[in-house]
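Trainee: Sharing query-v7.cif (mmCIF, C-alpha atoms) below.
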```
data_entry
loop_
_atom_site.label_atom_id
_atom_site.label_comp_id
_atom_site.auth_asym_id
_atom_site.auth_seq_id
_atom_site.Cartn_x
_atom_site.Cartn_y
_atom_site.Cartn_z
CA MET A 1 -14.27 95.78 166.06
CA THR A 2 -10.47 95.61 166.20
CA THR A 3 -9.00 94.18 169.39
CA ASP A 4 -5.76 95.14 171.11
CA ALA A 5 -4.40 91.68 170.27
CA GLU A 6 -4.97 92.32 166.56
CA HIS A 7 -3.17 95.66 166.83
CA ALA A 8 -0.26 93.88 168.54
CA THR A 9 0.08 91.20 165.85
CA PRO A 10 3.23 91.98 163.81
CA ARG A 11 2.77 92.36 160.10
CA VAL A 12 4.68 90.33 157.54
CA ALA A 13 5.99 92.01 154.40
CA ALA A 14 7.82 91.17 151.19
CA PHE A 15 10.32 93.71 149.84
CA PHE A 16 11.21 93.64 146.14
CA ASP A 17 13.92 95.40 144.23
CA VAL A 18 12.45 96.49 140.86
CA ASP A 19 15.02 96.51 138.05
CA ASN A 20 15.80 92.99 136.78
CA THR A 21 13.81 91.60 139.71
CA VAL A 22 10.27 92.70 138.86
CA ILE A 23 10.92 94.46 135.53
CA ARG A 24 13.25 93.11 132.85
CA GLY A 25 16.03 95.67 132.42
CA ALA A 26 16.20 99.12 133.99
CA SER A 27 12.79 100.71 134.45
CA SER A 28 14.27 104.23 134.31
CA PHE A 29 15.73 103.47 130.88
CA HIS A 30 12.34 102.36 129.56
CA ILE A 31 10.73 105.51 130.99
CA ALA A 32 13.53 107.56 129.40
CA ARG A 33 12.88 105.88 126.07
CA GLY A 34 9.23 106.91 126.24
CA LEU A 35 10.19 110.45 127.22
CA TRP A 36 12.60 110.64 124.29
CA GLN A 37 9.82 109.64 121.91
CA ARG A 38 7.93 112.65 123.26
CA ASP A 39 10.87 115.03 122.67
CA TYR A 40 11.92 115.39 126.31
CA PHE A 41 15.49 114.23 125.67
CA ASN A 42 18.18 115.18 123.18
CA LEU A 43 20.36 112.66 121.35
CA ARG A 44 23.22 112.95 123.85
CA ASP A 45 20.90 112.04 126.72
CA ILE A 46 19.49 108.92 125.07
CA VAL A 47 22.92 107.72 123.86
CA MET A 48 24.25 108.00 127.41
CA LEU A 49 21.24 106.20 128.88
CA GLY A 50 21.39 103.54 126.18
CA TYR A 51 25.05 102.90 126.98
CA GLU A 52 24.23 102.54 130.69
CA GLN A 53 21.38 100.13 129.88
CA ALA A 54 23.71 97.96 127.78
CA THR A 55 26.39 97.81 130.49
CA TYR A 56 23.69 97.16 133.11
CA VAL A 57 22.44 94.12 131.21
CA LEU A 58 25.95 92.86 130.46
CA PHE A 59 27.74 93.42 133.77
CA GLY A 60 25.02 94.05 136.34
CA GLU A 61 24.58 97.04 138.63
CA THR A 62 27.56 98.98 140.03
CA LYS A 63 27.78 101.96 142.38
CA ASP A 64 29.72 104.06 139.87
CA GLN A 65 27.12 103.39 137.22
CA MET A 66 24.25 104.34 139.54
CA ASP A 67 26.08 107.53 140.56
CA ARG A 68 26.53 108.51 136.90
CA ILE A 69 22.87 107.86 136.14
CA ARG A 70 21.82 109.84 139.22
CA GLU A 71 23.84 112.93 138.34
CA HIS A 72 22.89 112.87 134.68
CA GLY A 73 19.24 112.15 135.42
CA LEU A 74 18.89 114.96 137.95
CA GLY A 75 20.35 117.40 135.46
CA ILE A 76 17.93 116.29 132.77
CA ILE A 77 14.74 116.60 134.84
CA GLN A 78 15.53 120.00 136.39
CA GLY A 79 12.57 122.25 135.67
CA TRP A 80 10.27 119.46 134.51
CA SER A 81 6.69 119.32 135.74
CA VAL A 82 6.06 116.52 138.27
CA ALA A 83 2.49 116.07 137.03
CA GLU A 84 3.57 115.87 133.40
CA MET A 85 6.35 113.41 134.22
CA THR A 86 3.86 111.17 136.07
CA ALA A 87 1.38 111.31 133.20
CA VAL A 88 4.04 110.28 130.68
CA ALA A 89 5.20 107.46 132.98
CA GLU A 90 1.62 106.12 133.05
CA GLU A 91 1.59 105.96 129.25
CA VAL A 92 5.04 104.36 129.12
CA TYR A 93 3.98 101.68 131.58
CA ASP A 94 1.19 100.62 129.24
CA GLU A 95 3.43 100.83 126.15
CA LEU A 96 6.61 99.24 127.49
CA LEU A 97 6.82 98.22 131.13
CA ALA A 98 3.71 96.05 131.45
CA SER A 99 5.12 93.55 128.95
CA ARG A 100 8.45 93.46 130.80
CA VAL A 101 7.13 92.26 134.16
CA TYR A 102 8.56 88.81 134.92
CA PRO A 103 5.59 86.39 135.23
CA GLY A 104 7.53 84.36 137.82
CA THR A 105 8.07 87.40 140.04
CA LYS A 106 4.46 88.48 139.57
CA ALA A 107 3.36 85.03 140.78
CA ILE A 108 5.46 85.44 143.96
CA ILE A 109 3.96 88.89 144.54
CA ASP A 110 0.45 87.49 144.14
CA GLU A 111 1.22 84.68 146.60
CA HIS A 112 2.30 87.19 149.24
CA LEU A 113 -0.79 89.32 148.70
CA GLU A 114 -3.06 86.29 148.94
CA ARG A 115 -1.49 85.43 152.31
CA GLY A 116 -2.20 88.94 153.54
CA ASP A 117 1.44 90.09 153.44
CA GLU A 118 2.32 93.65 152.58
CA VAL A 119 4.34 94.00 149.36
CA TRP A 120 6.74 96.91 149.01
CA PHE A 121 8.98 97.82 146.10
CA VAL A 122 12.34 99.29 147.08
CA THR A 123 14.12 100.96 144.18
CA ALA A 124 16.89 103.41 143.40
CA SER A 125 14.65 104.79 140.62
CA PRO A 126 12.54 107.88 141.33
CA VAL A 127 9.84 107.12 143.88
CA GLU A 128 7.20 108.22 141.37
CA ILE A 129 8.20 105.36 139.07
CA GLY A 130 8.29 102.87 141.95
CA ARG A 131 4.83 103.89 143.13
CA LEU A 132 3.42 103.72 139.62
CA ILE A 133 4.70 100.17 139.07
CA ALA A 134 3.55 99.12 142.54
CA ARG A 135 0.06 100.49 141.96
CA ARG A 136 -0.27 98.86 138.54
CA ILE A 137 0.89 95.49 139.83
CA GLY A 138 -1.22 95.71 142.98
CA ALA A 139 1.55 96.03 145.58
CA THR A 140 1.11 97.88 148.87
CA GLY A 141 3.48 100.71 148.00
CA ALA A 142 7.02 101.69 147.09
CA LEU A 143 10.14 103.30 148.49
CA GLY A 144 12.40 105.11 146.03
CA THR A 145 14.79 107.98 145.49
CA VAL A 146 13.01 111.26 146.21
CA ALA A 147 13.84 114.15 143.89
CA GLU A 148 13.19 117.60 145.35
CA HIS A 149 10.48 119.65 143.70
CA ARG A 150 9.05 123.11 144.30
CA ASP A 151 5.83 124.53 142.93
CA GLY A 152 5.27 121.28 141.07
CA HIS A 153 8.64 121.27 139.26
CA TYR A 154 11.86 119.33 139.88
CA THR A 155 14.80 121.37 141.18
CA GLY A 156 17.53 118.97 140.07
CA ARG A 157 18.44 118.02 143.65
CA LEU A 158 17.58 115.11 145.92
CA GLU A 159 15.60 115.43 149.15
CA SER A 160 17.54 112.56 150.74
CA ASP A 161 20.16 109.94 149.90
CA PHE A 162 20.05 107.95 146.70
CA LEU A 163 18.11 104.80 147.67
CA HIS A 164 20.82 102.31 146.84
CA GLY A 165 22.87 99.64 148.64
CA PRO A 166 22.85 100.09 152.45
CA ALA A 167 20.31 102.92 152.09
CA LYS A 168 17.73 100.33 150.99
CA ALA A 169 18.29 98.37 154.21
CA SER A 170 17.89 101.54 156.30
CA ALA A 171 14.67 102.45 154.49
CA VAL A 172 13.24 98.96 155.06
CA ARG A 173 14.08 99.13 158.78
CA GLU A 174 12.42 102.54 159.10
CA LEU A 175 9.29 101.37 157.29
CA ALA A 176 9.14 98.25 159.46
CA ALA A 177 9.34 100.35 162.62
CA GLU A 178 6.58 102.67 161.38
CA ARG A 179 4.20 99.90 160.32
CA GLY A 180 4.95 97.24 162.91
CA ILE A 181 6.44 94.81 160.40
CA ASP A 182 8.22 91.74 161.76
CA LEU A 183 11.42 91.64 159.70
CA ALA A 184 12.39 88.20 160.99
CA ALA A 185 9.19 86.80 159.48
CA SER A 186 9.44 88.89 156.31
CA HIS A 187 10.90 88.30 152.84
CA ALA A 188 13.15 90.26 150.48
CA TYR A 189 14.03 89.76 146.82
CA GLY A 190 16.79 91.29 144.68
CA ASP A 191 19.08 90.62 141.74
CA SER A 192 22.17 92.70 142.50
CA VAL A 193 24.86 92.49 145.16
CA ASN A 194 23.77 96.04 145.98
CA ASP A 195 20.51 94.51 147.25
CA ALA A 196 22.38 92.24 149.66
CA ALA A 197 22.11 94.68 152.56
CA MET A 198 18.31 94.73 152.16
CA LEU A 199 18.13 90.94 151.97
CA GLU A 200 20.18 90.63 155.16
CA VAL A 201 17.62 92.46 157.31
CA VAL A 202 14.83 89.90 156.74
CA GLY A 203 14.41 86.32 157.84
CA HIS A 204 13.68 85.00 154.33
CA PRO A 205 16.06 86.41 151.68
CA CYS A 206 15.79 85.27 148.07
CA THR A 207 17.69 86.29 144.95
CA ILE A 208 15.85 86.62 141.65
CA ASN A 209 17.77 86.65 138.37
CA PRO A 210 21.03 87.26 140.26
CA ASP A 211 24.02 88.85 138.55
CA PRO A 212 27.31 86.92 138.91
CA ARG A 213 28.40 88.66 142.12
CA MET A 214 25.00 88.25 143.72
CA ARG A 215 24.96 84.58 142.74
CA ARG A 216 28.26 84.09 144.60
CA VAL A 217 26.93 85.91 147.67
CA ALA A 218 23.76 83.79 147.62
CA LYS A 219 25.80 80.60 147.45
CA GLU A 220 28.04 81.69 150.33
CA ARG A 221 25.09 82.63 152.55
CA GLY A 222 22.72 79.86 151.56
CA TRP A 223 20.11 82.18 150.08
CA GLN A 224 17.44 80.85 147.75
CA VAL A 225 17.95 81.56 144.04
CA ARG A 226 15.07 81.95 141.59
CA GLU A 227 15.73 82.35 137.86
CA PHE A 228 13.03 83.76 135.59
CA ARG A 229 15.13 84.87 132.64
CA LYS A 230 14.78 82.86 129.47
CA ARG A 231 18.28 81.58 128.77
CA ARG A 232 19.69 79.83 125.76
CA LYS A 233 22.18 76.98 126.14
CA SER A 234 24.80 79.66 126.55
CA GLY A 235 23.50 82.08 129.17
CA ARG A 236 26.42 84.42 128.59
CA ARG A 237 25.68 84.51 124.87
CA GLY A 238 22.08 85.49 125.63
CA ILE A 239 23.22 88.36 127.85
CA VAL A 240 25.66 89.61 125.23
CA LYS A 241 22.93 89.44 122.60
CA SER A 242 20.67 91.57 124.80
CA SER A 243 23.42 94.16 125.21
CA VAL A 244 24.15 94.25 121.48
CA THR A 245 20.44 94.65 120.80
CA GLY A 246 20.30 97.59 123.21
CA ALA A 247 23.30 99.22 121.54
CA ALA A 248 21.77 98.63 118.12
CA TRP A 249 18.55 100.30 119.24
CA VAL A 250 20.48 103.39 120.32
CA THR A 251 22.31 103.49 116.98
CA ILE A 252 19.01 103.30 115.10
CA GLN A 253 17.53 106.09 117.19
CA VAL A 254 20.57 108.30 116.68
CA THR A 255 20.27 107.75 112.93
CA ARG A 256 16.59 108.64 113.04
CA GLY A 257 17.40 111.74 115.05
CA ILE A 258 19.91 112.88 112.45
CA LYS A 259 17.40 112.26 109.69
CA ALA A 260 14.78 114.25 111.60
CA ALA A 261 17.24 117.14 111.96
CA LEU A 262 17.92 117.05 108.21
CA ARG A 263 14.19 117.10 107.50
CA THR A 264 13.90 120.21 109.67
CA VAL A 265 16.75 121.93 107.82
CA LEU A 266 15.21 121.03 104.47
CA GLY A 267 11.81 122.25 105.63
CA LYS A 268 10.13 118.85 105.61
CA PRO A 269 7.31 118.28 108.14
CA LYS A 270 8.10 116.45 111.36
CA ARG A 271 6.20 113.23 112.07
CA ASP A 272 3.92 113.09 115.08
CA HIS A 273 4.61 110.90 118.12
CA ALA A 274 2.13 108.24 117.04
CA GLU A 275 3.89 107.72 113.73
CA ALA A 276 7.31 107.57 115.40
CA ALA A 277 6.07 105.08 117.97
CA ARG A 278 4.77 102.73 115.27
CA GLU A 279 8.30 102.34 113.92
CA LEU A 280 9.65 101.02 117.25
#
```
Step by step, read the file and then write its structure as structure tokens.
Mentor:
Amino acid sequence: MTTDAEHATPRVAAFFDVDNTVIRGASSFHIARGLWQRDYFNLRDIVMLGYEQATYVLFGETKDQMDRIREHGLGIIQGWSVAEMTAVAEEVYDELLASRVYPGTKAIIDEHLERGDEVWFVTASPVEIGRLIARRIGATGALGTVAEHRDGHYTGRLESDFLHGPAKASAVRELAAERGIDLAASHAYGDSVNDAAMLEVVGHPCTINPDPRMRRVAKERGWQVREFRKRRKSGRRGIVKSSVTGAAWVTIQVTRGIKAALRTVLGKPKRDHAEAAREL
């Protein structure tokens, strides 16, 4: 039997950004890659997303970049089935995202869960992706950007603001009010300066894999810094290598796309998804 005192006890929560905090790289890019392998995207779409992934890894997250991704992404998914998108995302998690979860971040998540804390992911990515990752990792739930859909299909518009920057802090405050979460006793984790507003609303902020601007903010404010990226002696060189690798991947895929188009023109059979996936 639950007592009134138990109802009155404030909850403690841990709020995690997703991209480069929980998942290495941009989760939306990895989902997009899986969708491209299933013929959802054209070459222009994947080149654009590959470019954004490379700049994200090299320079960190910026508002202009997120705005470009938002507008382009909404245009791409207009008319898509929500159920089909979710089913593909489940497959992509198993193929790509599961291996990109930072073990160090996963250990922190598990520690919070063992203490009885709620664990929420707060991401600018579509809420469907955030909820999928949260469910697979065992978190309580996720807050994310909500794309409008009617009759089970995306309209290409948002239901509310892009969940980014100060909007993350507002969403955390609203959730805390709804669920009786004590923000002063709670924790928040992020890698980008755009997560700073979210980290400021809790009593225990911590940066994970911070980009250069976030590292400066953390130093100025005395925030804890956790680093789970595997760095070589030259950290900058490692980041550049990652970006070059991403750009090289896009180039390879463009080449394959051109070859596939030529095969179609010449009347050669198209390979199935399984065969294409084995090459990657």
Trainee: How close does segment 74-144 of chain A get to segment 185-199 of chain A? List, as a Markdown table, each residue of segment 74-144 of chain A within 12 Å, its nearest atom pair and the distance in Å to one decimal, counting only C-alpha atoms.
Mentor:
```
| residue | atom | partner | partner_atom | distance |
| --- | --- | --- | --- | --- |
| A:Thr105 | CA | A:Tyr189 | CA | 9.3 |
| A:Ile108 | CA | A:Tyr189 | CA | 10.0 |
| A:Ile109 | CA | A:Tyr189 | CA | 10.4 |
| A:His112 | CA | A:His187 | CA | 9.4 |
| A:Gly116 | CA | A:Ser186 | CA | 12.0 |
| A:Asp117 | CA | A:Ser186 | CA | 8.6 |
| A:Glu118 | CA | A:Ser186 | CA | 9.3 |
| A:Val119 | CA | A:His187 | CA | 9.4 |
| A:Trp120 | CA | A:Ala188 | CA | 9.4 |
| A:Phe121 | CA | A:Tyr189 | CA | 9.5 |
| A:Val122 | CA | A:Met198 | CA | 9.1 |
| A:Thr123 | CA | A:Asp195 | CA | 9.6 |
| A:Ala124 | CA | A:Asp195 | CA | 10.4 |
```
Trainee: For Arg215 of chain A, list every protein, DNA or RNA residue within 12 Å, evaluated using only C-alpha atoms, and leave out those in the same chain fewer than 2 positions away; present the list as a list in words.
Mentor: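 Non-adjacent residues within range: Gly60, Gly190, Asp191, Ser192, Val193, Asn194, Asp195, Ala196, Cys206, Thr207, Ile208, Asn209, Pro210, Asp211, Pro212, Arg213, Val217, Ala218, Lys219, Glu220, Arg221, Gly222, Trp223, Gln224, Val225, Arg226 and Glu227 of chain A.
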Trainee: Quick check on the file I pasted: which residues fall under the PyMOL selection byres ((chain A and resi 86-100) around 10)? Write them as a ChimeraX atom specification.
Mentor: /A:20,22-28,30-35,38,81-85,101-103,128-129,132-133,136-137,277
Trainee: Which residue gives the smallest distance to Thr155 of chain A among A:Phe29, A:Phe15, A:Arg131, A:Trp80, with all atoms listed in the file counted?
Mentor: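 For Thr155 of chain A, the nearest of the given residues is A:Trp80.
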Trainee: Given the choices A:Val172, A:Ala13, A:Gln37, A:Gly180, which gets closest to Val201 of chain A if the distance is worked out from only C-alpha atoms?
Mentor: A:Val172
Trainee: So how many Å separate atom CA of Glu148 of chain A and atom CA of Arg179 of chain A, to one decimal?
Mentor: 24.9 Å
Trainee: Would you please work out which residue, of A:Ala139, A:Ala134, A:Leu163, A:Val127, is nearest to Glu111 of chain A when using all atoms listed in the file?
Mentor: A:Ala139
Trainee: Put segment 205-220 of chain A into a file with all heavy atoms, as a PDB file, in the first residue's frame.
Mentor:
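So part_7.pdb came out as:
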```
ATOM      1  N   PRO A 205      25.174  18.803 -13.161  1.00  0.00           N
ATOM      2  CA  PRO A 205      25.480  18.763 -14.599  1.00  0.00           C
ATOM      3  C   PRO A 205      26.805  18.061 -14.877  1.00  0.00           C
ATOM      4  O   PRO A 205      27.739  18.130 -14.078  1.00  0.00           O
ATOM      5  CB  PRO A 205      25.558  20.245 -14.965  1.00  0.00           C
ATOM      6  CG  PRO A 205      26.023  20.917 -13.716  1.00  0.00           C
ATOM      7  CD  PRO A 205      25.439  20.120 -12.568  1.00  0.00           C
ATOM      8  N   CYS A 206      26.875  17.387 -16.009  1.00  0.00           N
ATOM      9  CA  CYS A 206      28.111  16.700 -16.390  1.00  0.00           C
ATOM     10  C   CYS A 206      28.203  16.684 -17.913  1.00  0.00           C
ATOM     11  O   CYS A 206      27.217  16.386 -18.596  1.00  0.00           O
ATOM     12  CB  CYS A 206      28.104  15.266 -15.853  1.00  0.00           C
ATOM     13  SG  CYS A 206      29.533  14.276 -16.357  1.00  0.00           S
ATOM     14  N   THR A 207      29.373  17.022 -18.439  1.00  0.00           N
ATOM     15  CA  THR A 207      29.575  16.945 -19.879  1.00  0.00           C
ATOM     16  C   THR A 207      30.221  15.618 -20.230  1.00  0.00           C
ATOM     17  O   THR A 207      31.092  15.128 -19.512  1.00  0.00           O
ATOM     18  CB  THR A 207      30.465  18.095 -20.385  1.00  0.00           C
ATOM     19  OG1 THR A 207      31.753  17.992 -19.786  1.00  0.00           O
ATOM     20  CG2 THR A 207      29.848  19.439 -20.041  1.00  0.00           C
ATOM     21  N   ILE A 208      29.770  15.031 -21.329  1.00  0.00           N
ATOM     22  CA  ILE A 208      30.334  13.785 -21.833  1.00  0.00           C
ATOM     23  C   ILE A 208      30.827  14.029 -23.249  1.00  0.00           C
ATOM     24  O   ILE A 208      30.088  14.538 -24.091  1.00  0.00           O
ATOM     25  CB  ILE A 208      29.295  12.650 -21.811  1.00  0.00           C
ATOM     26  CG1 ILE A 208      28.965  12.250 -20.366  1.00  0.00           C
ATOM     27  CG2 ILE A 208      29.793  11.429 -22.589  1.00  0.00           C
ATOM     28  CD1 ILE A 208      27.937  11.136 -20.247  1.00  0.00           C
ATOM     29  N   ASN A 209      32.071  13.693 -23.519  1.00  0.00           N
ATOM     30  CA  ASN A 209      32.669  13.890 -24.833  1.00  0.00           C
ATOM     31  C   ASN A 209      32.442  15.318 -25.351  1.00  0.00           C
ATOM     32  O   ASN A 209      31.968  15.512 -26.476  1.00  0.00           O
ATOM     33  CB  ASN A 209      32.097  12.886 -25.855  1.00  0.00           C
ATOM     34  CG  ASN A 209      32.205  11.454 -25.405  1.00  0.00           C
ATOM     35  OD1 ASN A 209      33.156  11.072 -24.726  1.00  0.00           O
ATOM     36  ND2 ASN A 209      31.228  10.646 -25.769  1.00  0.00           N
ATOM     37  N   PRO A 210      32.753  16.331 -24.550  1.00  0.00           N
ATOM     38  CA  PRO A 210      32.391  17.698 -24.937  1.00  0.00           C
ATOM     39  C   PRO A 210      33.135  18.183 -26.183  1.00  0.00           C
ATOM     40  O   PRO A 210      34.314  17.866 -26.387  1.00  0.00           O
ATOM     41  CB  PRO A 210      32.807  18.522 -23.715  1.00  0.00           C
ATOM     42  CG  PRO A 210      33.902  17.726 -23.079  1.00  0.00           C
ATOM     43  CD  PRO A 210      33.509  16.295 -23.276  1.00  0.00           C
ATOM     44  N   ASP A 211      32.416  18.953 -27.021  1.00  0.00           N
ATOM     45  CA  ASP A 211      33.084  19.621 -28.131  1.00  0.00           C
ATOM     46  C   ASP A 211      33.871  20.799 -27.558  1.00  0.00           C
ATOM     47  O   ASP A 211      33.752  21.107 -26.363  1.00  0.00           O
ATOM     48  CB  ASP A 211      32.073  20.045 -29.205  1.00  0.00           C
ATOM     49  CG  ASP A 211      31.033  21.049 -28.722  1.00  0.00           C
ATOM     50  OD1 ASP A 211      31.332  21.813 -27.785  1.00  0.00           O
ATOM     51  OD2 ASP A 211      29.927  21.083 -29.289  1.00  0.00           O
ATOM     52  N   PRO A 212      34.718  21.454 -28.336  1.00  0.00           N
ATOM     53  CA  PRO A 212      35.587  22.504 -27.781  1.00  0.00           C
ATOM     54  C   PRO A 212      34.834  23.608 -27.041  1.00  0.00           C
ATOM     55  O   PRO A 212      35.267  24.045 -25.969  1.00  0.00           O
ATOM     56  CB  PRO A 212      36.310  23.041 -29.023  1.00  0.00           C
ATOM     57  CG  PRO A 212      36.360  21.870 -29.950  1.00  0.00           C
ATOM     58  CD  PRO A 212      35.052  21.159 -29.749  1.00  0.00           C
ATOM     59  N   ARG A 213      33.723  24.070 -27.596  1.00  0.00           N
ATOM     60  CA  ARG A 213      32.983  25.144 -26.920  1.00  0.00           C
ATOM     61  C   ARG A 213      32.376  24.668 -25.609  1.00  0.00           C
ATOM     62  O   ARG A 213      32.384  25.385 -24.606  1.00  0.00           O
ATOM     63  CB  ARG A 213      31.892  25.696 -27.843  1.00  0.00           C
ATOM     64  CG  ARG A 213      32.446  26.475 -29.040  1.00  0.00           C
ATOM     65  CD  ARG A 213      31.340  27.126 -29.816  1.00  0.00           C
ATOM     66  NE  ARG A 213      30.418  26.143 -30.366  1.00  0.00           N
ATOM     67  CZ  ARG A 213      29.206  26.422 -30.849  1.00  0.00           C
ATOM     68  NH1 ARG A 213      28.758  27.668 -30.817  1.00  0.00           N
ATOM     69  NH2 ARG A 213      28.441  25.477 -31.353  1.00  0.00           N
ATOM     70  N   MET A 214      31.847  23.453 -25.613  1.00  0.00           N
ATOM     71  CA  MET A 214      31.274  22.913 -24.390  1.00  0.00           C
ATOM     72  C   MET A 214      32.352  22.693 -23.337  1.00  0.00           C
ATOM     73  O   MET A 214      32.115  22.895 -22.135  1.00  0.00           O
ATOM     74  CB  MET A 214      30.546  21.597 -24.686  1.00  0.00           C
ATOM     75  CG  MET A 214      29.818  21.003 -23.492  1.00  0.00           C
ATOM     76  SD  MET A 214      28.548  22.125 -22.816  1.00  0.00           S
ATOM     77  CE  MET A 214      27.338  20.926 -22.247  1.00  0.00           C
ATOM     78  N   ARG A 215      33.546  22.297 -23.767  1.00  0.00           N
ATOM     79  CA  ARG A 215      34.635  22.091 -22.822  1.00  0.00           C
ATOM     80  C   ARG A 215      34.990  23.407 -22.127  1.00  0.00           C
ATOM     81  O   ARG A 215      35.260  23.432 -20.925  1.00  0.00           O
ATOM     82  CB  ARG A 215      35.851  21.517 -23.542  1.00  0.00           C
ATOM     83  CG  ARG A 215      36.950  21.012 -22.611  1.00  0.00           C
ATOM     84  CD  ARG A 215      38.068  20.358 -23.406  1.00  0.00           C
ATOM     85  NE  ARG A 215      37.629  19.135 -24.032  1.00  0.00           N
ATOM     86  CZ  ARG A 215      37.617  17.946 -23.444  1.00  0.00           C
ATOM     87  NH1 ARG A 215      38.020  17.846 -22.170  1.00  0.00           N
ATOM     88  NH2 ARG A 215      37.219  16.865 -24.081  1.00  0.00           N
ATOM     89  N   ARG A 216      34.966  24.508 -22.888  1.00  0.00           N
ATOM     90  CA  ARG A 216      35.254  25.819 -22.285  1.00  0.00           C
ATOM     91  C   ARG A 216      34.172  26.208 -21.289  1.00  0.00           C
ATOM     92  O   ARG A 216      34.463  26.733 -20.209  1.00  0.00           O
ATOM     93  CB  ARG A 216      35.384  26.882 -23.380  1.00  0.00           C
ATOM     94  CG  ARG A 216      36.660  26.762 -24.213  1.00  0.00           C
ATOM     95  CD  ARG A 216      36.895  28.007 -25.033  1.00  0.00           C
ATOM     96  NE  ARG A 216      35.867  28.214 -26.041  1.00  0.00           N
ATOM     97  CZ  ARG A 216      35.934  27.728 -27.274  1.00  0.00           C
ATOM     98  NH1 ARG A 216      36.982  26.987 -27.650  1.00  0.00           N
ATOM     99  NH2 ARG A 216      34.965  27.966 -28.145  1.00  0.00           N
ATOM    100  N   VAL A 217      32.902  25.961 -21.670  1.00  0.00           N
ATOM    101  CA  VAL A 217      31.792  26.285 -20.771  1.00  0.00           C
ATOM    102  C   VAL A 217      31.897  25.465 -19.487  1.00  0.00           C
ATOM    103  O   VAL A 217      31.701  25.983 -18.378  1.00  0.00           O
ATOM    104  CB  VAL A 217      30.435  26.014 -21.460  1.00  0.00           C
ATOM    105  CG1 VAL A 217      29.285  26.101 -20.463  1.00  0.00           C
ATOM    106  CG2 VAL A 217      30.204  27.006 -22.602  1.00  0.00           C
ATOM    107  N   ALA A 218      32.217  24.186 -19.625  1.00  0.00           N
ATOM    108  CA  ALA A 218      32.346  23.312 -18.455  1.00  0.00           C
ATOM    109  C   ALA A 218      33.452  23.798 -17.520  1.00  0.00           C
ATOM    110  O   ALA A 218      33.294  23.790 -16.293  1.00  0.00           O
ATOM    111  CB  ALA A 218      32.623  21.879 -18.907  1.00  0.00           C
ATOM    112  N   LYS A 219      34.554  24.242 -18.106  1.00  0.00           N
ATOM    113  CA  LYS A 219      35.665  24.739 -17.292  1.00  0.00           C
ATOM    114  C   LYS A 219      35.266  26.013 -16.557  1.00  0.00           C
ATOM    115  O   LYS A 219      35.559  26.188 -15.368  1.00  0.00           O
ATOM    116  CB  LYS A 219      36.881  25.003 -18.177  1.00  0.00           C
ATOM    117  CG  LYS A 219      38.113  25.434 -17.407  1.00  0.00           C
ATOM    118  CD  LYS A 219      39.308  25.597 -18.338  1.00  0.00           C
ATOM    119  CE  LYS A 219      40.540  26.037 -17.565  1.00  0.00           C
ATOM    120  NZ  LYS A 219      41.720  26.194 -18.456  1.00  0.00           N
ATOM    121  N   GLU A 220      34.571  26.913 -17.250  1.00  0.00           N
ATOM    122  CA  GLU A 220      34.148  28.171 -16.640  1.00  0.00           C
ATOM    123  C   GLU A 220      33.162  27.946 -15.492  1.00  0.00           C
ATOM    124  O   GLU A 220      33.186  28.663 -14.484  1.00  0.00           O
ATOM    125  CB  GLU A 220      33.492  29.063 -17.699  1.00  0.00           C
ATOM    126  CG  GLU A 220      34.466  29.588 -18.760  1.00  0.00           C
ATOM    127  CD  GLU A 220      33.737  30.223 -19.928  1.00  0.00           C
ATOM    128  OE1 GLU A 220      32.478  30.233 -19.905  1.00  0.00           O
ATOM    129  OE2 GLU A 220      34.412  30.712 -20.858  1.00  0.00           O
TER     130      GLU A 220
END
```
